[in-house]
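Q: First, the structure itself, so that you have it in front of you.
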2 protein chains.
Amino acid sequence: MIHRQYVFAFEEGDGKNKMLLGGKGANLCEMTRIGLNVPPGFVISTEACLAYLGHNRLPEHLMDEVRRHMAAVEKKTGKVFGDTENPLLVSVRSGSAMSMPGMMDTILNLGLNERTLQGLIRLTGNPRFAYDAYRRFIQLYGKIALGVADEHFDKAMEALKQRVGAAQDVNLTAEQLKELADQFAAIVQRETGSPFPEDPYQQLEIAIGAVFRSWNGKRAVDYRRQFKITKEMANGTAVNIVAMVFGNMGNDSGTGVGFTRNPGTGENITYGEYLVNAQGEDVVAGIRTPKPIAEMATEMPELHRQLIELRDRLEAHYREVQDFEFTIERGTLYCLQTRNGKMNARATVVTSVEMANSGLLSRDEALLRVNPQLLEQLMVPQLAPTGHHEALAQGLPASPGAASGKIVFDADTAEARGNAGERIILVREETKPEDIHGFFAAQGILTSRGGKTSHAAVVARGMGKPCVSGCAAIVIDHHARRACIGGVGLAEGDVITIDGSTGNVYAGQIPTKEPEFFPELTRLLTWADDVARLKVRANADTPAAAAKARKYGARGIGLTRTERMFNDSDRIPIVQEMILADTLVKRQAALDRLLPIQRADFHAIFREMSGLPVTVRLLDPPLHEFLPGEKQLQFDLDRLRASGNPAELARHEAMLERVRQLAEVNPMLGHRGVRLGLTNPEIYSMQIRAILEAAAECVKEGVPVEPEIMVPQVAAVEELARVKKQVEKIHREVEAATGVTVDYHFGTMMEVVRACLRAEDMASLAEFFSFGTNDLTQATFSFSREDAENKFLPFYVEQGLLPENPFEALDIKGVGRLMTMAVEWGRAARPELQVGICGEHGGHPESIALCHRIGLDYVSCSTPRVPIARLAAAQIRLNEIATGSPRSDA
Amino acid sequence: MIHRQYVFAFEEGDGKNKMLLGGKGANLCEMTRIGLNVPPGFVISTEACLAYLGHNRLPEHLMDEVRRHMAAVEKKTGKVFGDTENPLLVSVRSGSAMSMPGMMDTILNLGLNERTLQGLIRLTGNPRFAYDAYRRFIQLYGKIALGVADEHFDKAMEALKQRVGAAQDVNLTAEQLKELADQFAAIVQRETGSPFPEDPYQQLEIAIGAVFRSWNGKRAVDYRRQFKITKEMANGTAVNIVAMVFGNMGNDSGTGVGFTRNPGTGENITYGEYLVNAQGEDVVAGIRTPKPIAEMATEMPELHRQLIELRDRLEAHYREVQDFEFTIERGTLYCLQTRNGKMNARATVVTSVEMANSGLLSRDEALLRVNPQLLEQLMVPQLAPTGHHEALAQGLPASPGAASGKIVFDADTAEARGNAGERIILVREETKPEDIHGFFAAQGILTSRGGKTSHAAVVARGMGKPCVSGCAAIVIDHHARRACIGGVGLAEGDVITIDGSTGNVYAGQIPTKEPEFFPELTRLLTWADDVARLKVRANADTPAAAAKARKYGARGIGLTRTERMFNDSDRIPIVQEMILADTLVKRQAALDRLLPIQRADFHAIFREMSGLPVTVRLLDPPLHEFLPGEKQLQFDLDRLRASGNPAELARHEAMLERVRQLAEVNPMLGHRGVRLGLTNPEIYSMQIRAILEAAAECVKEGVPVEPEIMVPQVAAVEELARVKKQVEKIHREVEAATGVTVDYHFGTMMEVVRACLRAEDMASLAEFFSFGTNDLTQATFSFSREDAENKFLPFYVEQGLLPENPFEALDIKGVGRLMTMAVEWGRAARPELQVGICGEHGGHPESIALCHRIGLDYVSCSTPRVPIARLAAAQIRLNEIATGSPRSDA
């Protein structure tokens with residue numbers, strides 16, 4: 001009779017068959033098969049586990065198979081299981097198809113007993129190590145294989161330490177550990193009623209059964225329920241039995257960890273640390289300091305050569321930077337484990353590009369390897385890499401970027417000191433809506449409570465300010481105006497630095513550096529542009545911002561907000577004069593003064609972006625945004641009444657009256673955008689003229705320009721029709737006056753729900769659509785962003801009422817569905833319609849994926865997010881090629 | 001050779017062929033053919049006109065045909081054209097297929113000359129009448145047929161009047177009129193170079209040609225262009241030639257006007273006035289006072305019999321109340337003209353129902369005859385029909401209803417006097433957004449400028465207050481605080497009454513009466529309910545309102561706003577206590593006090609509506625709406641600081657702090673509805689418990705109840721899921737505690753765009769949808785209603801940027817499209833889903849039509865609009881049956 005094969009040597013196991021061999025087992029087989037020197041061993045399959053659980057005993061002949069494989073391991077290692085001279089010891093660990101961390105501990109050094117222990121002592125020349133390993137083995141085996149509670153062993157350990165006056169485990173001598181091992185064995189006898197099993201094969205058989213049983217233990221069953229792991233995903237656990245190797249067997253032995261490349265910089269040299277004649281525990285215990293791997297070349301040249309060979313083999317096979325562990329036993333280098341290396345953003349980009357350059361990866365693979373969100377780290381101020389700084393404490397990386405400033409414990413003080421010009425970090429247990437003015441004044445926010453969706457995190461991300469949240473190592477004494485951070489006492493006004501990308505908090509000011517492009521990043525993004533279908537533009541309101549956008553690789557400006565220009569300090573008085581004008585003549589006079597200023601702005605932006613499109617949005621906010629608040633005016637008036645000059649007093653009185661006239665219940669839904677443009681057509685006329693005259697100047701100068709005039713807040717096609725007529729009239733006038741031909745495009749923001757619902761009408765007049773997803777999200781949810789992020793959105797995200805803050809991640813199911821229809825209807829009316837999105841969603845990878853799927857032509861985002869968007873646009877295109885046609889979840 | 005027939009006697013004309021005979025001609029043929037005694041005559045067809053215009057001369061043989069028909073008319077009347085004893089006179093008027101009012105004047109008394117005039121004098125015994133007719137004929141004929149300018153005749157008339165000292169035309173004697181006729185004839189000779197044509201047939205031929213030419217005159221061409229009248233709609237004009245009849249030929253002659261029924265009350269008796277031995281001009285000139293038709297029965301019994309016969313014939317044929325003119329010539333009653341009678345709302349309802357009862361109409365026809373908007377007149381306060389009141393002036397009926405109050409000329413005074421308890425009518429040239437506080441304080445609004453879409457009109461309609469706009473007969477002297485209205489001087493504080501349903505303005509206080517149902521209205525609405533598919537519910541927040549809703553025929557309550565109950569003066573202190581509570585315990589204590597109050601409210605409403613569904617909306621507005629405004633609090637605090645007690649001061653300080661915490665940038669999109677319900681679940685718990693406990697009480701009392709719990713402002717299904725769990729838990733508790741089974745339904749408002757976009761998700765949990773089209777319109781347009789109606793909506797409607805105010809007439813193309821999709825998606829997930837609409841749109845007929853087309857189950861509106869909605873729902877169903885399947889414009 002032929003038996004089913006239950007046991008597979010690493011050489012014969014199928015490295016892909018995780019269902020049969022478990023994840024770890026398959027991986028060890030894979031490593032072995034590609035020629036890595038893995039310590040010999042074998043896997044007992046999950047089928048054996050299921051057979052065991054079905055009959056409550058090991059399958060017949062299983063132990064025969066095990067013995068045959070143990071014999072093979074003995075042959076490969078030259079050691080013998082149970083031998084007193086050169087004993088083979090093994091590790092036993094479970095491993096199912098799905099990783100289930102912490103499900104079961106690994107049993108190390110199985111095969112130790114009073115006799116084999118002597119061999120270990122001889123071989124390592126280190127009785128303390130051997131007795132420590134022995135007492136650990138008894139405890140772990142007692143617990144896992146025999147079910148003896150840990151507390152018995154712990155109690156004995158504590159009693160011993162107290163008796164001999166040892167503060168820590170490492171203070172115990174070999175003799176004391178030997179005594180402890182004896183006590184542990186006695187405990188096992190007392191608790192199980194049998195002596196500790198001395199026979200190695202008995203040890204092994206009991207251990208295998210224990211691993212199998214653990215599959216149906218409470219811990220594993222709960223885990224599978226929690227993470228919804230079904231039988232189709234993992235069914236039973238395999239058992240991995242691996243020969244133990246020891247790095248503490250003399251000066252031709254050692255241990256270490258390595259990265260195939262530098263995970264901090266991406267530099268292409270092996271990076272890591274090692275120790276001669278040591279085990280991993282020595283490093284963990286801090287007894288000895290490891291050396292950098294570079295030194296190995298001189299200290300152990302042959303082993304260093306083997307290590308480099310291992311590294312090359314790892315990268316050639318896995319095609320990713322590997323984080324690996326190794327042990328050298330008497331001149332033989334073993335690779336114990338390898339996994340993909342965790343790297344920072346820069347290193348990820350550098351290594352991916354280099355691997356593509358060297359042919360290890362295709363460019364597409366390199367593009368897919370870098371998480372676009374990771375680039376955010378590179379685009380915000382970062383801690384300068386000058387010297388090593390010890391963090392005081394670590395919290396959650398809640399909003400990226402680094403900032404330094406003086407500690408302040410409340411929002412009022414933050415506002416007062418911030419307004420006085422000081423750089424402030426607001427430090428609180430948690431923030432509340434009433435702290436909002438403190439956010440405005442602060443460089444960054446640090447809280448001791450709350451997660452990544454807490455009020456502080458959500459609001460800071462919204463403002464683009466660094467935030468570390470949930471930093472539990474902070475205790476604030478509001479009365480004394482002091483805080484203890486990570487055990488260090490600091491007073492209000494002391495300077496700290498926070499890094500919202502890592503969650504670290506540092507004492508003092510650490511220099512930060514502005515983001516900078518490095519060659520590999522530029523290269524990667526160029527590849528991305530070659531692949532992507534979706535183009536990326538930037539939002540920019542000034543010539544300087546336009547220059548920056550171009551540097552970041554923007555293929556045009558998707559949004560120029562003309563009101564930002566209105567707000568400059570040299571212009572706001574003219575704007576206010578325009579608003580306060582009580583006759584059309586006076587209003588026109590103010591507008592006539594604004595015209596050359598706006599024209600000069602546009603001219604400079606057009607020159608910066610020459611050859612690329614620039615979308616200018618006509619005035620959007622309500623007029624009252626350009627006037628001081630009612631409270632401020634009241635205050636100024638009281639002051640002026642006491643002392644001021646009559647002209648100023650009169651001006652302020654007029655201003656107050658106008659502010660009251662213009663006051664709105666819901667300014668977000670009020671008299672703004674095209675509504676304002678239609679009731680006060682002279683304002684749009686000035687802006688349209690400024691755009692077209694600036695373009696005409698460029699044409700005369702031979703600078704190629706692509707101006708696009710965009711109307712905000714459009715709800716009805718009749719609104720668009722009227723502005724279009726106005727544009728056409730002024731266009732004729734400008735061409736007639738300048739004698740040059742000025743090309744332009746006319747389009748509309750899609751930020752009002754009704755515009756989306758009438759997209760076919762809109763497309764009949766608009767050559768392009770630009771979704772304003774911020775306003776569209778507000779209207780779709782009936783959420784005022786300012787109110788929502790302050791009052792209830794953090795609660796909503798925490799409670800799972802919404803998966804994410806829809807102002808950060810575009811709401812695919814709602815807003816996305818509306819956009820999908822609008823694009824479809826719009827293109828039906830005008831097939832060549834250009835469609836884009838402007839606003840922060842344009843820099844969010846998942847939102848970009850939606851934009852790609854529904855067929856947008858471009859996304860426009862803030863300049864720092866342009867690189868993220870470029871990479872994300874390439875990745876979604878590559879995924880689309882891989883999976884077939886694009887689809888929409890909306 | 002057979003000639004085409006150009007001339008048709010009334011007996012032979014096809015009464016339907018308006019293209020050939022013109023509207024008037026066809027109508028005269030129709031009247032003749034149904035046996036009405038129309039004065040004999042004939043029609044010259046539009047084909048003759050086209051032939052004339054083509055060849056610039058009358059078709060050959062046309063005048064032969066005319067002569068033959070004149071001969072027939074002579075035979076029928078016993079008169080002879082051109083005869084000096086018993087002369088036949090005719091009227092000549094144009095008439096095309098489309099009514100073109102004012103295109104050409106009618107020529108009366110054609111056939112008059114120096115000789116036939118003598119016959120007329122003899123027959124009427126009234127030389128003054130005859131000469132007056134003669135001089136009028138010369139002037140009109142001179143102008144129309146011969147092209148002599150009016151001014152020549154007017155000048156002569158003025159000169160004569162001055163010479164003889166006559167103030168008005170009626171003061172002229174027969175002799176003086178004879179002299180004038182001679183002068184007029186001389187003017188014609190002077191201006192045309194030929195004598196006035198004496199030959200009647202010459203008069204006729206020239207007149208016919210003039211009528212034909214008028215078709216291509218500037219006035220007619222402009223008119224057709226203006227009203228887009230194409231050749232397919234009207235091509236050429238016909239000429240109607242009708243024998244003149246005279247009511248002033250003795251005591252067996254007379255003239256009058258009649259309605260087949262009373263147009264003011266609908267009473268089924270002939271209504272009208274007549275004069276013996278008189279022409280219509282006598283009535284117009286005010287020389288004699290006409291008598292009511294009832295008197296005719298005794299004065300002229302035989303003619304009265306003929307009149308009743310005429311009336312019966314008219315109604316039997318036209319099946320509508322007719323407004324007709326008649327003349328009696330020597331004992332023969334002629335019907336000159338008839339048309340559908342214009343009636344007020346009540347009369348329209350009464351006559352339609354009576355006609356249906358008598359079998360003259362089907363019920364469906366009766367239902368279709370009444371314009372639902374007309375019922376609005378019956379549902380608002382109306383002027384009591386006590387005595388006749390002369391209007392001072394008339395403006396536009398801009399917002400229905402009548403109101404009396406003291407004149408006030410500015411909003412501030414209106415507010416001051418209104419708050420002091422006076423009843424105020426705000427009178428202004430026009431209103432502006434800054435007058436809004438005056439609207440709140442006033443009973444009604446009267447303006448001298450602006451149309452039905454002016455600021456005053458739009459805002460007043462939104463508030464449901466009467467408004468008369470554009471009343472040009474008002475001159476305001478702001479300095480003197482006086483106004484002249486229709487020539488009457490009035491001072492501020494004087495009482496006036498305005499009727500927004502008619503546009504009339506009266507001096508003094510005229511009693512108004514509350515709307516009342518009369519049997520015919522009740523009957524009509526019962527028929528409507530039998531026909532309609534769409535059910536009508538009312539919005540009602542109190543037991544009294546529920547009772548009224550039931551009286552108005554509501555088939556349930558579609559919206560009970562629980563916050564209205566919170567606002568009652570005995571409750572608001574508890575609500576404020578709840579809001580100010582700084583611990584959950586204190587908040588719960590306040591809610592525990594509110595629970596029995598709300599439960600009692602619901603219990604009473606459920607009892608009123610027993611057997612019908614009552615939809616209760618959980619708390620919707622933000623909490624700050626229940627606190628005083630910041631300014632008010634500041635004011636109170638200043639007062640309290642000076643004098644008040646410490647407890648009140650502390651309470652106000654706490655209130656001010658809370659008001660500031662709760663302040664929102666856009667409250668419309670803020671922390672309200674389900675957002676508030678989820679962050680403060682204890683409030684909804686109290687309300688849910690109150691609803692279910694009240695229902696349980698009813699069950700115990702044997703009162704059938706159908707409570708429906710509705711969640712406001714839902715944007716995501718997760719919100720709904722959480723409230724549903726809360727409801728289910730409390731429902732189990734209430735059933736356990738009371739021991740009775742309480743049935744209820746659970747549903748959601750659809751007032752957030754995203755809810756519509758995820759309708760299938762919503763329907764997975766909601767048993768019913770109720771579209772909140774006010775909020776949905778705000779979100780779809782990004783228009784804040786308060787701001788929009790104040791700042792730009794009137795401008796938008798005036799300028800045609802929007803066809804109507806979308807808060808009055810549901811926006812079919814935008815909001816309607818969204819609703820259409822939401823219903824489709826919702827029903828796909830839950831076929832038995834009940835869908836309704838609540839809000840003012842539910843009472844607007846066109847909006848109701850949309851609701852019907854997209855398959856809603858009910859509309860809910862304010863109680864006064866329930867009858868309108870019931871009738872509109874029936875009409876749309878009848879139209880649907882008539883035209884086939886329902887369709888959606890959205």
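Chain lettering (A, B, ...) mirrors the order of the structure tokens, residue numbering begins at 1 for each chain separately, and ligand numbering begins at 1 in order of display.
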Show me which bits of chain B are within 9 Å of chain A, counting only C-alpha atoms, as an MDAnalysis selection string.

A: chainID B and resid 433:434 660:671 675:676 678:679 713:719 722 751:758 775 778:788 791:792 795:796 800:802 813:815 817:818

Q: Excluding Leu649 in chain A and its own-chain neighbours fewer than 2 positions away, which residues fall within 12 Å of it when counting only C-alpha atoms? Please give them as a list in words.

A: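 Here the answer would be Leu633, Gln634, Phe635, Asp636, Leu637, Asp638, Arg639, Leu640, Arg641, Ala642, Ser643, Gly644, Asn645, Pro646, Ala647, Arg651, His652, Glu653, Ala654, Met655 and Leu656 of chain A.
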
Q: Let me make sure I understand: if you superpose chain A onto chain B using all C-alpha atoms paired in order, what RMSD in Å results?

A: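 The fitted C-alpha deviation between chain B and chain A is 0.5 Å.
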
Q: Can you list every residue in range 428-576 of chain A that DSSP puts in strand (DSSP E or B), as a PyMOL selection string?

A: chain A and resi 428+444-447+467-469+474-477+482-485+488-491+495-499+504-507+512-513+535-539+557-561

Q: Compile the contact shell of Gln337 in chain A as number ranges by chain: residues with an atom at most 9 Å away, counting only C-alpha atoms, same-chain residues fewer than 2 positions apart removed.

A: A: 27-28, 31, 38, 323-326, 335, 339

Q: If you count only C-alpha atoms, which residues fall within 6 Å of range 212-226 of chain A, apart from same-chain ones fewer than 3 positions away, as number ranges by chain?

A: A: 49, 103, 209, 229

Q: Could you write out the selected residues, including N, CA, C and O atoms, as a CSV table (one decimal), in the first residue's frame?

A:
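Wrote it out as out_4.csv, contents follow:
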chain,number,residue,atom,x,y,z
A,49,CYS,N,-2.0,17.5,9.2
A,49,CYS,CA,-2.8,18.2,10.3
A,49,CYS,C,-4.2,17.8,10.3
A,49,CYS,O,-4.8,17.5,11.3
A,103,MET,N,0.1,33.2,16.7
A,103,MET,CA,-0.8,32.1,16.9
A,103,MET,C,-0.1,31.1,17.8
A,103,MET,O,-0.7,30.5,18.7
A,209,GLY,N,2.2,16.8,17.4
A,209,GLY,CA,0.8,16.8,17.8
A,209,GLY,C,0.3,18.1,18.4
A,209,GLY,O,-0.8,18.6,18.1
A,229,ILE,N,-10.9,34.5,8.0
A,229,ILE,CA,-10.1,33.6,7.2
A,229,ILE,C,-10.9,32.3,7.1
A,229,ILE,O,-11.2,31.6,8.0

Q: Given the choices A:Ala393, A:Ala763, A:Ala366, A:Leu426, which gets closest to Gly486 in chain A if the distance is worked out from only C-alpha atoms?

A: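 Checking each candidate against Gly486 in chain A, we get A:Ala393 as the closest.
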